[in-house]
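coords_28.cif (mmCIF, C-alpha atoms)
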data_my_file
#
loop_
_atom_site.label_atom_id
_atom_site.label_comp_id
_atom_site.auth_asym_id
_atom_site.auth_seq_id
_atom_site.Cartn_x
_atom_site.Cartn_y
_atom_site.Cartn_z
CA MET A 125 -9.38 -62.00 -59.13
CA SER A 126 -8.67 -62.72 -62.78
CA GLU A 127 -12.27 -61.85 -63.77
CA ALA A 128 -11.94 -58.47 -62.13
CA VAL A 129 -8.91 -57.69 -64.21
CA LEU A 130 -10.58 -58.85 -67.40
CA GLU A 131 -13.74 -56.84 -66.67
CA ASN A 132 -11.61 -53.82 -66.14
CA GLY A 133 -9.90 -54.55 -69.43
CA ALA A 134 -6.81 -52.83 -68.13
CA GLU A 135 -3.66 -54.53 -69.26
CA ALA A 136 -1.34 -51.61 -69.89
CA PRO A 137 1.26 -51.28 -67.14
CA GLY A 138 2.68 -48.12 -65.56
CA LYS A 139 1.50 -44.60 -66.31
CA GLN A 140 -0.57 -45.60 -69.35
CA GLY A 141 -2.32 -48.13 -67.11
CA LEU A 142 -3.08 -45.42 -64.57
CA VAL A 143 -4.69 -43.24 -67.25
CA ASP A 144 -6.59 -46.23 -68.66
CA ASP A 145 -7.86 -47.34 -65.25
CA TRP A 146 -9.27 -43.90 -64.49
CA SER A 147 -10.72 -43.16 -67.94
CA ARG A 148 -12.50 -46.40 -68.75
CA ASP A 149 -15.91 -45.45 -67.37
CA LYS A 150 -15.77 -48.57 -65.20
CA GLN A 151 -14.71 -49.59 -61.73
CA VAL A 152 -11.24 -48.05 -61.36
CA PHE A 153 -9.57 -50.59 -59.11
CA GLY A 154 -9.69 -54.12 -60.49
CA MET A 155 -10.07 -55.83 -57.12
CA PRO A 156 -12.84 -56.96 -54.77
CA TRP A 157 -14.53 -53.93 -53.18
CA GLY A 158 -13.79 -55.26 -49.68
CA LYS A 159 -10.08 -55.10 -50.32
CA ALA A 160 -10.19 -51.56 -51.74
CA MET A 161 -12.31 -50.44 -48.79
CA MET A 162 -9.94 -52.01 -46.27
CA TRP A 163 -7.10 -50.04 -47.88
CA VAL A 164 -9.15 -46.84 -47.70
CA PHE A 165 -9.87 -47.53 -44.03
CA LEU A 166 -6.17 -48.16 -43.38
CA LEU A 167 -5.34 -44.91 -45.17
CA SER A 168 -7.67 -43.03 -42.80
CA ASP A 169 -6.12 -44.88 -39.86
CA THR A 170 -2.70 -43.80 -41.13
CA PHE A 171 -3.83 -40.19 -40.76
CA ILE A 172 -5.13 -40.78 -37.21
CA PHE A 173 -1.86 -42.38 -36.08
CA SER A 174 0.11 -39.67 -37.88
CA CYS A 175 -1.82 -37.00 -36.01
CA PHE A 176 -0.98 -38.69 -32.70
CA LEU A 177 2.68 -39.02 -33.61
CA VAL A 178 2.89 -35.45 -34.91
CA GLY A 179 1.16 -34.25 -31.72
CA TYR A 180 3.76 -36.17 -29.72
CA MET A 181 6.56 -34.60 -31.77
CA MET A 182 5.10 -31.14 -31.20
CA VAL A 183 4.81 -31.46 -27.39
CA ARG A 184 8.24 -33.06 -27.16
CA ILE A 185 9.81 -30.18 -29.10
CA SER A 186 7.91 -27.42 -27.30
CA THR A 187 8.32 -28.54 -23.67
CA THR A 188 11.16 -26.88 -21.77
CA ASP A 189 11.34 -29.77 -19.27
CA PRO A 190 13.81 -32.58 -20.06
CA TRP A 191 12.24 -35.51 -21.93
CA PRO A 192 12.49 -38.82 -20.04
CA ASN A 193 15.09 -41.15 -21.58
CA PRO A 194 13.01 -44.03 -23.01
CA SER A 195 16.10 -46.22 -22.96
CA GLU A 196 16.13 -45.95 -19.13
CA VAL A 197 12.38 -45.74 -18.52
CA PHE A 198 11.69 -48.92 -20.53
CA ALA A 199 14.70 -50.87 -19.28
CA LEU A 200 14.17 -54.20 -17.56
CA GLU A 201 16.49 -56.01 -15.21
CA ALA A 202 17.87 -59.19 -16.76
CA PHE A 203 20.94 -61.24 -15.77
CA GLY A 204 21.58 -58.66 -13.05
CA TYR A 205 21.85 -55.72 -15.47
CA PRO A 206 19.27 -53.21 -16.68
CA VAL A 207 18.76 -54.04 -20.36
CA PRO A 208 17.33 -51.07 -22.30
CA LEU A 209 14.02 -51.60 -24.10
CA LEU A 210 14.15 -55.34 -23.43
CA LEU A 211 10.41 -55.97 -23.36
CA ILE A 212 9.80 -53.54 -26.24
CA ALA A 213 12.32 -55.45 -28.39
CA ILE A 214 10.61 -58.76 -27.56
CA MET A 215 7.22 -57.22 -28.42
CA THR A 216 8.65 -56.01 -31.74
CA PHE A 217 9.90 -59.49 -32.65
CA ILE A 218 6.59 -61.05 -31.62
CA LEU A 219 4.66 -58.69 -33.87
CA ILE A 220 7.00 -59.36 -36.80
CA THR A 221 6.60 -63.10 -36.28
CA SER A 222 2.82 -62.68 -36.28
CA SER A 223 3.06 -60.73 -39.55
CA GLY A 224 5.01 -63.62 -41.03
CA THR A 225 2.44 -66.23 -39.98
CA MET A 226 -0.31 -63.95 -41.34
CA ALA A 227 1.43 -63.67 -44.73
CA LEU A 228 1.60 -67.47 -44.86
CA ALA A 229 -2.09 -67.71 -43.88
CA VAL A 230 -3.04 -65.44 -46.82
CA ASN A 231 -1.01 -67.62 -49.18
CA MET A 232 -2.58 -70.82 -47.82
CA GLY A 233 -6.00 -69.19 -48.20
CA TYR A 234 -5.43 -68.65 -51.91
CA ARG A 235 -4.34 -72.27 -52.16
CA LYS A 236 -7.67 -73.17 -50.47
CA ASN A 237 -5.79 -75.04 -47.76
CA ARG A 238 -8.39 -74.35 -45.06
CA LYS A 239 -6.71 -76.25 -42.26
CA ALA A 240 -3.36 -74.50 -42.66
CA THR A 241 -5.07 -71.13 -43.04
CA PHE A 242 -7.04 -71.68 -39.85
CA TRP A 243 -4.04 -72.70 -37.75
CA LEU A 244 -1.79 -69.96 -39.09
CA MET A 245 -4.47 -67.38 -38.28
CA VAL A 246 -4.92 -68.81 -34.77
CA VAL A 247 -1.15 -68.63 -34.20
CA THR A 248 -1.19 -65.03 -35.46
CA ALA A 249 -4.01 -64.19 -33.05
CA LEU A 250 -2.21 -65.84 -30.12
CA LEU A 251 0.97 -63.88 -30.86
CA GLY A 252 -1.15 -60.71 -31.02
CA ALA A 253 -2.78 -61.54 -27.69
CA SER A 254 0.65 -62.10 -26.08
CA PHE A 255 1.71 -58.70 -27.45
CA VAL A 256 -1.29 -57.05 -25.72
CA GLY A 257 -0.43 -58.96 -22.54
CA MET A 258 3.11 -57.59 -22.54
CA GLN A 259 1.78 -54.12 -23.20
CA ALA A 260 -0.48 -54.47 -20.16
CA PHE A 261 2.60 -55.46 -18.15
CA GLU A 262 4.48 -52.41 -19.48
CA TRP A 263 1.60 -50.11 -18.57
CA SER A 264 1.31 -51.55 -15.03
CA LYS A 265 5.05 -51.17 -14.52
CA LEU A 266 5.02 -47.53 -15.61
CA ILE A 267 1.90 -46.75 -13.59
CA SER A 268 3.47 -48.32 -10.47
CA GLU A 269 6.50 -46.08 -11.00
CA GLY A 270 4.28 -43.01 -10.97
CA VAL A 271 3.89 -42.31 -14.70
CA ARG A 272 0.53 -40.63 -15.31
CA PRO A 273 -1.00 -38.82 -18.29
CA TRP A 274 -0.52 -35.56 -16.37
CA GLY A 275 2.99 -36.09 -15.02
CA ASN A 276 5.83 -38.41 -14.10
CA PRO A 277 8.98 -38.30 -11.95
CA PHE A 278 11.39 -38.74 -14.89
CA GLY A 279 10.78 -35.62 -16.95
CA ALA A 280 8.23 -33.72 -19.05
CA ALA A 281 4.59 -34.38 -18.16
CA GLN A 282 3.75 -34.80 -21.86
CA PHE A 283 5.67 -38.10 -21.86
CA GLY A 284 2.84 -39.89 -20.04
CA SER A 285 0.02 -38.47 -22.13
CA SER A 286 1.79 -39.31 -25.40
CA PHE A 287 2.75 -42.77 -24.18
CA PHE A 288 -0.70 -43.82 -22.97
CA MET A 289 -2.48 -42.28 -25.95
CA ILE A 290 -0.25 -43.73 -28.68
CA THR A 291 0.43 -47.19 -27.26
CA GLY A 292 -3.15 -47.41 -25.97
CA PHE A 293 -4.63 -46.68 -29.38
CA HIS A 294 -2.23 -49.14 -30.98
CA GLY A 295 -3.03 -51.79 -28.35
CA LEU A 296 -6.72 -51.28 -29.06
CA HIS A 297 -6.01 -51.97 -32.73
CA VAL A 298 -4.11 -55.15 -31.84
CA SER A 299 -6.94 -56.32 -29.55
CA ALA A 300 -9.55 -55.64 -32.25
CA GLY A 301 -7.30 -57.47 -34.73
CA VAL A 302 -7.11 -60.53 -32.49
CA ILE A 303 -10.92 -60.72 -32.39
CA TYR A 304 -11.20 -60.09 -36.14
CA LEU A 305 -8.61 -62.80 -36.87
CA LEU A 306 -10.35 -65.37 -34.68
CA VAL A 307 -13.77 -64.66 -36.23
CA ILE A 308 -12.43 -65.09 -39.76
CA ALA A 309 -10.28 -68.09 -38.79
CA PHE A 310 -13.27 -69.98 -37.42
CA ARG A 311 -15.35 -69.07 -40.47
CA VAL A 312 -12.60 -70.49 -42.68
CA LYS A 313 -12.56 -73.64 -40.56
CA ASN A 314 -16.35 -74.05 -40.59
CA GLY A 315 -16.53 -73.82 -44.34
CA PHE A 316 -18.44 -70.53 -44.27
CA TYR A 317 -16.65 -69.29 -47.40
CA GLU A 318 -17.25 -72.51 -49.31
CA ARG A 319 -20.87 -71.36 -49.62
CA GLY A 320 -19.66 -68.27 -51.45
CA GLY A 321 -17.81 -70.39 -54.01
CA GLY A 322 -14.63 -70.88 -51.97
CA ASN A 323 -13.32 -67.33 -52.22
CA TYR A 324 -10.64 -66.68 -49.61
CA GLU A 325 -10.01 -63.02 -50.49
CA ILE A 326 -11.25 -62.24 -46.95
CA VAL A 327 -8.06 -63.76 -45.53
CA GLU A 328 -6.01 -61.25 -47.51
CA ILE A 329 -8.26 -58.39 -46.30
CA THR A 330 -7.82 -59.51 -42.68
CA GLY A 331 -4.11 -59.80 -43.39
CA LEU A 332 -3.98 -56.20 -44.64
CA TYR A 333 -5.37 -55.01 -41.31
CA TRP A 334 -2.93 -57.16 -39.34
CA HIS A 335 0.12 -56.06 -41.34
CA PHE A 336 -0.98 -52.46 -40.84
CA VAL A 337 -0.92 -52.94 -37.07
CA ASP A 338 2.66 -54.19 -37.42
CA LEU A 339 3.45 -51.25 -39.71
CA VAL A 340 2.23 -48.71 -37.14
CA TRP A 341 4.37 -50.41 -34.49
CA VAL A 342 7.45 -49.89 -36.70
CA PHE A 343 6.83 -46.13 -36.54
CA ILE A 344 5.99 -46.11 -32.82
CA PHE A 345 9.13 -48.13 -32.06
CA ALA A 346 11.31 -45.70 -34.02
CA PHE A 347 9.76 -42.42 -32.92
CA PHE A 348 8.66 -43.11 -29.37
CA TYR A 349 11.05 -45.73 -28.02
CA LEU A 350 14.27 -45.17 -29.97
CA TRP A 351 14.27 -41.42 -30.77
CA MET B 40 -3.72 -58.43 -60.02
CA SER B 41 -3.50 -61.79 -61.67
CA ASP B 42 -3.60 -65.25 -60.15
CA ASP B 43 0.14 -65.78 -60.14
CA SER B 44 0.60 -62.61 -58.11
CA THR B 45 -1.51 -63.96 -55.24
CA GLN B 46 -0.03 -67.43 -55.31
CA HIS B 47 3.64 -66.69 -55.61
CA PRO B 48 5.98 -69.14 -53.92
CA LEU B 49 6.41 -68.92 -50.17
CA LYS B 50 10.10 -68.10 -50.49
CA ILE B 51 9.56 -64.35 -50.81
CA TYR B 52 7.64 -64.29 -47.51
CA PHE B 53 10.39 -66.14 -45.67
CA VAL B 54 13.03 -63.82 -47.12
CA MET B 55 10.97 -60.80 -46.07
CA TRP B 56 10.40 -62.30 -42.64
CA ILE B 57 14.11 -62.86 -42.03
CA GLY B 58 14.78 -59.38 -43.44
CA LEU B 59 12.40 -57.85 -40.89
CA PHE B 60 14.13 -59.73 -38.07
CA VAL B 61 17.54 -58.52 -39.17
CA LEU B 62 16.37 -54.92 -39.67
CA SER B 63 14.63 -54.93 -36.27
CA SER B 64 17.82 -56.16 -34.63
CA PHE B 65 19.69 -53.29 -36.31
CA SER B 66 16.99 -50.86 -35.14
CA TYR B 67 17.35 -52.12 -31.60
CA ALA B 68 21.14 -51.87 -31.85
CA THR B 69 20.85 -48.11 -32.55
CA ASP B 70 19.70 -47.73 -28.94
CA PHE B 71 23.23 -48.54 -27.81
CA MET B 72 24.76 -45.84 -30.00
CA GLN B 73 25.63 -42.29 -29.01
CA ASP B 74 22.93 -39.74 -29.79
CA GLY B 75 23.63 -37.79 -32.94
CA THR B 76 22.88 -37.41 -36.62
CA LEU B 77 24.20 -40.89 -37.44
CA ARG B 78 21.92 -42.58 -34.91
CA THR B 79 18.90 -40.58 -36.03
CA SER B 80 19.58 -41.36 -39.70
CA LEU B 81 19.95 -45.06 -38.95
CA ILE B 82 16.69 -45.12 -36.95
CA LEU B 83 14.90 -43.54 -39.92
CA ALA B 84 16.63 -45.73 -42.52
CA PHE B 85 15.75 -48.99 -40.74
CA MET B 86 12.23 -47.73 -40.06
CA PHE B 87 11.56 -46.93 -43.73
CA ALA B 88 13.17 -50.19 -44.89
CA LYS B 89 10.90 -52.18 -42.57
CA ALA B 90 7.79 -50.17 -43.41
CA GLY B 91 8.51 -50.46 -47.15
CA GLY B 92 8.97 -54.22 -46.91
CA ILE B 93 5.73 -54.70 -44.98
CA VAL B 94 3.69 -52.59 -47.41
CA TRP B 95 5.36 -53.83 -50.59
CA ILE B 96 5.65 -57.58 -49.90
CA PHE B 97 3.36 -58.54 -47.00
CA MET B 98 0.53 -56.20 -48.02
CA HIS B 99 1.15 -56.99 -51.72
CA MET B 100 1.29 -53.33 -52.74
CA GLY B 101 4.18 -54.15 -55.07
CA TRP B 102 1.82 -56.21 -57.26
CA GLU B 103 -0.98 -53.63 -57.44
CA ARG B 104 -1.55 -51.38 -60.44
CA LEU B 105 -0.17 -47.85 -60.45
CA ALA B 106 -3.67 -46.28 -60.18
CA PHE B 107 -4.11 -48.05 -56.84
CA LYS B 108 -0.60 -47.38 -55.58
CA ALA B 109 -1.06 -43.68 -56.30
CA ALA B 110 -4.49 -43.54 -54.63
CA ILE B 111 -3.26 -45.13 -51.39
CA LEU B 112 0.37 -44.02 -51.15
CA GLY B 113 -0.15 -40.48 -52.51
CA PRO B 114 -2.24 -38.90 -49.70
CA PRO B 115 0.20 -39.74 -46.85
CA VAL B 116 2.73 -37.43 -48.52
CA ALA B 117 0.60 -34.57 -47.14
CA ILE B 118 1.65 -35.69 -43.64
CA MET B 119 5.16 -34.44 -44.45
CA VAL B 120 3.75 -30.92 -44.63
CA LEU B 121 2.08 -31.35 -41.22
CA ILE B 122 5.34 -32.61 -39.73
CA TRP B 123 7.22 -29.63 -41.15
CA LEU B 124 4.65 -27.05 -39.94
CA MET B 125 4.33 -28.57 -36.46
CA SER B 126 8.08 -28.75 -35.97
CA LEU B 127 8.36 -25.03 -36.87
CA GLU B 128 5.50 -24.26 -34.48
CA GLY B 129 7.01 -26.47 -31.77
CA HIS B 130 10.35 -24.69 -31.84
CA TYR B 131 8.58 -21.32 -31.79
CA VAL B 132 6.50 -22.33 -28.74
CA GLU B 133 9.59 -23.64 -26.95
CA GLY B 134 11.39 -20.35 -27.64
CA SER B 135 8.54 -18.22 -26.34
CA ARG B 136 8.19 -20.41 -23.24
CA ILE B 137 11.85 -19.93 -22.40
CA GLU B 138 11.55 -16.21 -23.11
CA HIS B 139 8.50 -15.69 -20.87
CA TYR B 140 8.82 -18.38 -18.18
CA GLY B 141 12.55 -19.05 -18.20
CA GLU B 142 14.40 -22.34 -18.35
CA SER B 143 12.91 -25.47 -16.79
CA THR B 144 13.56 -26.05 -13.07
CA PHE B 145 12.35 -29.65 -13.24
CA GLU B 146 14.67 -32.12 -11.52
CA PRO B 147 14.09 -35.58 -12.98
CA GLN B 148 14.63 -38.79 -11.05
CA THR B 149 16.46 -41.71 -12.59
CA PRO B 150 14.14 -44.69 -13.13
CA GLU B 151 14.72 -47.74 -10.95
CA HIS B 152 14.81 -51.13 -12.59
CA HIS B 153 12.75 -54.13 -11.62
#

Could you quickly redo this structure as structure tokens?
Amino acid sequence: MSEAVLENGAEAPGKQGLVDDWSRDKQVFGMPWGKAMMWVFLLSDTFIFSCFLVGYMMVRISTTDPWPNPSEVFALEAFGYPVPLLLIAIMTFILITSSGTMALAVNMGYRKNRKATFWLMVVTALLGASFVGMQAFEWSKLISEGVRPWGNPFGAAQFGSSFFMITGFHGLHVSAGVIYLLVIAFRVKNGFYERGGGNYEIVEITGLYWHFVDLVWVFIFAFFYLW
Amino acid sequence: MSDDSTQHPLKIYFVMWIGLFVLSSFSYATDFMQDGTLRTSLILAFMFAKAGGIVWIFMHMGWERLAFKAAILGPPVAIMVLIWLMSLEGHYVEGSRIEHYGESTFEPQTPEHH
């Protein structure tokens, strides 16, 4: 990390730093290439999710049929009452918790505490897997109630297509993240990165992906479930 | 980034973590409010606060140099234009549907709870 900054020779902060970084005839971003590339990938993913959410906004505005009330559709019976968005709220808290354990894993990685990094990443992956499990439950519940991509009994047909597309694509990201986390966690445990001089930057890169999955959920929760 | 920026004390993560829990609870609480401008503004405010915290603290964007912040956070601004155009288009399509096909005759059922 510190070498990269020195190589870049860029110490000036703020706007002068921006000009310096771009005009030095050297690598612009003083960071490992893997980290910059993960950010570029996440930027492209941001555009994909934005297109889905904007598409959802467009069909929701343009349909003349009433939009199903997510507060009622996603309610679950608890203590004898229908509690709105109960499972969705639990899923939100689970994902936030997993982001917290991931942030700690990144920190432990930089401290070269391999054991703590491994366990924190495993906990993160388990929380992610439980999130996917609850999503599967949510999907089955909606499907059993007759929600389909082409129609549903509660309102506009576009509700189903947006729901399955957006949450499905997000769930796919979570599932891929769980696998990614476990692969990196076991490599940390096995000492794979000790061979490369004990550089645990990879934990931060994995963390970027995982936090992004949480970030996307923040937008889905606000626009799809609450709006 | 320098070494101290990647090894800052754990406190900031715990503060951020608790902050996300609190903000998420507030977000969830908006579901019990009456629909209206206030509810919509609160949904957006809590959403941006959470998103900002995740990007700035958990993803360490706050410690990156301006050249990098600009390269990653600049392009998504274009999405605002897409949102604006598609909402104009959406309202136009809705208007022409009502004009040509009339109001919806769909009779929704109320979901049952399990």

TODO: Give me, as a ChimeraX atom specification, the contact residues of chain A against chain B at a cut-off of 6 Å, counting only C-alpha atoms.
DONE: /A:126,138,142,182,185-186,188-189,197,200-201,224,227,277-279,332,339

TODO: Tell me, as an MDAnalysis selection string, which residues lie within 9 Å of Tyr349 (chain A), counting all atoms listed in the file; anything in the same chain fewer than 2 positions away does not count.
DONE: (chainID A and resid 193:195 198 209 212 344:347 351) or (chainID B and resid 70)

- [ ] Run through the PyMOL selection byres ((chain A and resi 291-300) around 8) on the given coordinates and return the selected residues as a list in words.
- [x]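 Written out, the selection comes to Gly252, Ala253, Val256, Gln259, Phe287, Phe288, Met289, Ile290, Gly301, Val302, Ile303, Tyr304, Trp334, Val337, Val340, Trp341 and Ile344 of chain A.
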
Open item on the list: To test your reading of the syntax: which residues would the PyMOL selection byres ((chain A and resi 242) around 9) return for the file shown? Reply as a list in words.
Closed with: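 Taken on the displayed file, the PyMOL selection byres ((chain A and resi 242) around 9) yields the residues Ala229, Gly233, Asn237, Arg238, Lys239, Ala240, Thr241, Trp243, Leu244, Met245, Val246, Val247, Leu306, Ile308, Ala309, Phe310, Arg311, Val312 and Lys313 of chain A.
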
For the residues in the current selection, export C-alpha atoms as a compact mmCIF listing (two decimals), keeping the file's coordinate frame.
# COMPACT_ATOMS: atom_id res chain seq x y z
CA ALA A 229 -2.09 -67.71 -43.88
CA GLY A 233 -6.00 -69.19 -48.20
CA ASN A 237 -5.79 -75.04 -47.76
CA ARG A 238 -8.39 -74.35 -45.06
CA LYS A 239 -6.71 -76.25 -42.26
CA ALA A 240 -3.36 -74.50 -42.66
CA THR A 241 -5.07 -71.13 -43.04
CA TRP A 243 -4.04 -72.70 -37.75
CA LEU A 244 -1.79 -69.96 -39.09
CA MET A 245 -4.47 -67.38 -38.28
CA VAL A 246 -4.92 -68.81 -34.77
CA VAL A 247 -1.15 -68.63 -34.20
CA LEU A 306 -10.35 -65.37 -34.68
CA ILE A 308 -12.43 -65.09 -39.76
CA ALA A 309 -10.28 -68.09 -38.79
CA PHE A 310 -13.27 -69.98 -37.42
CA ARG A 311 -15.35 -69.07 -40.47
CA VAL A 312 -12.60 -70.49 -42.68
CA LYS A 313 -12.56 -73.64 -40.56
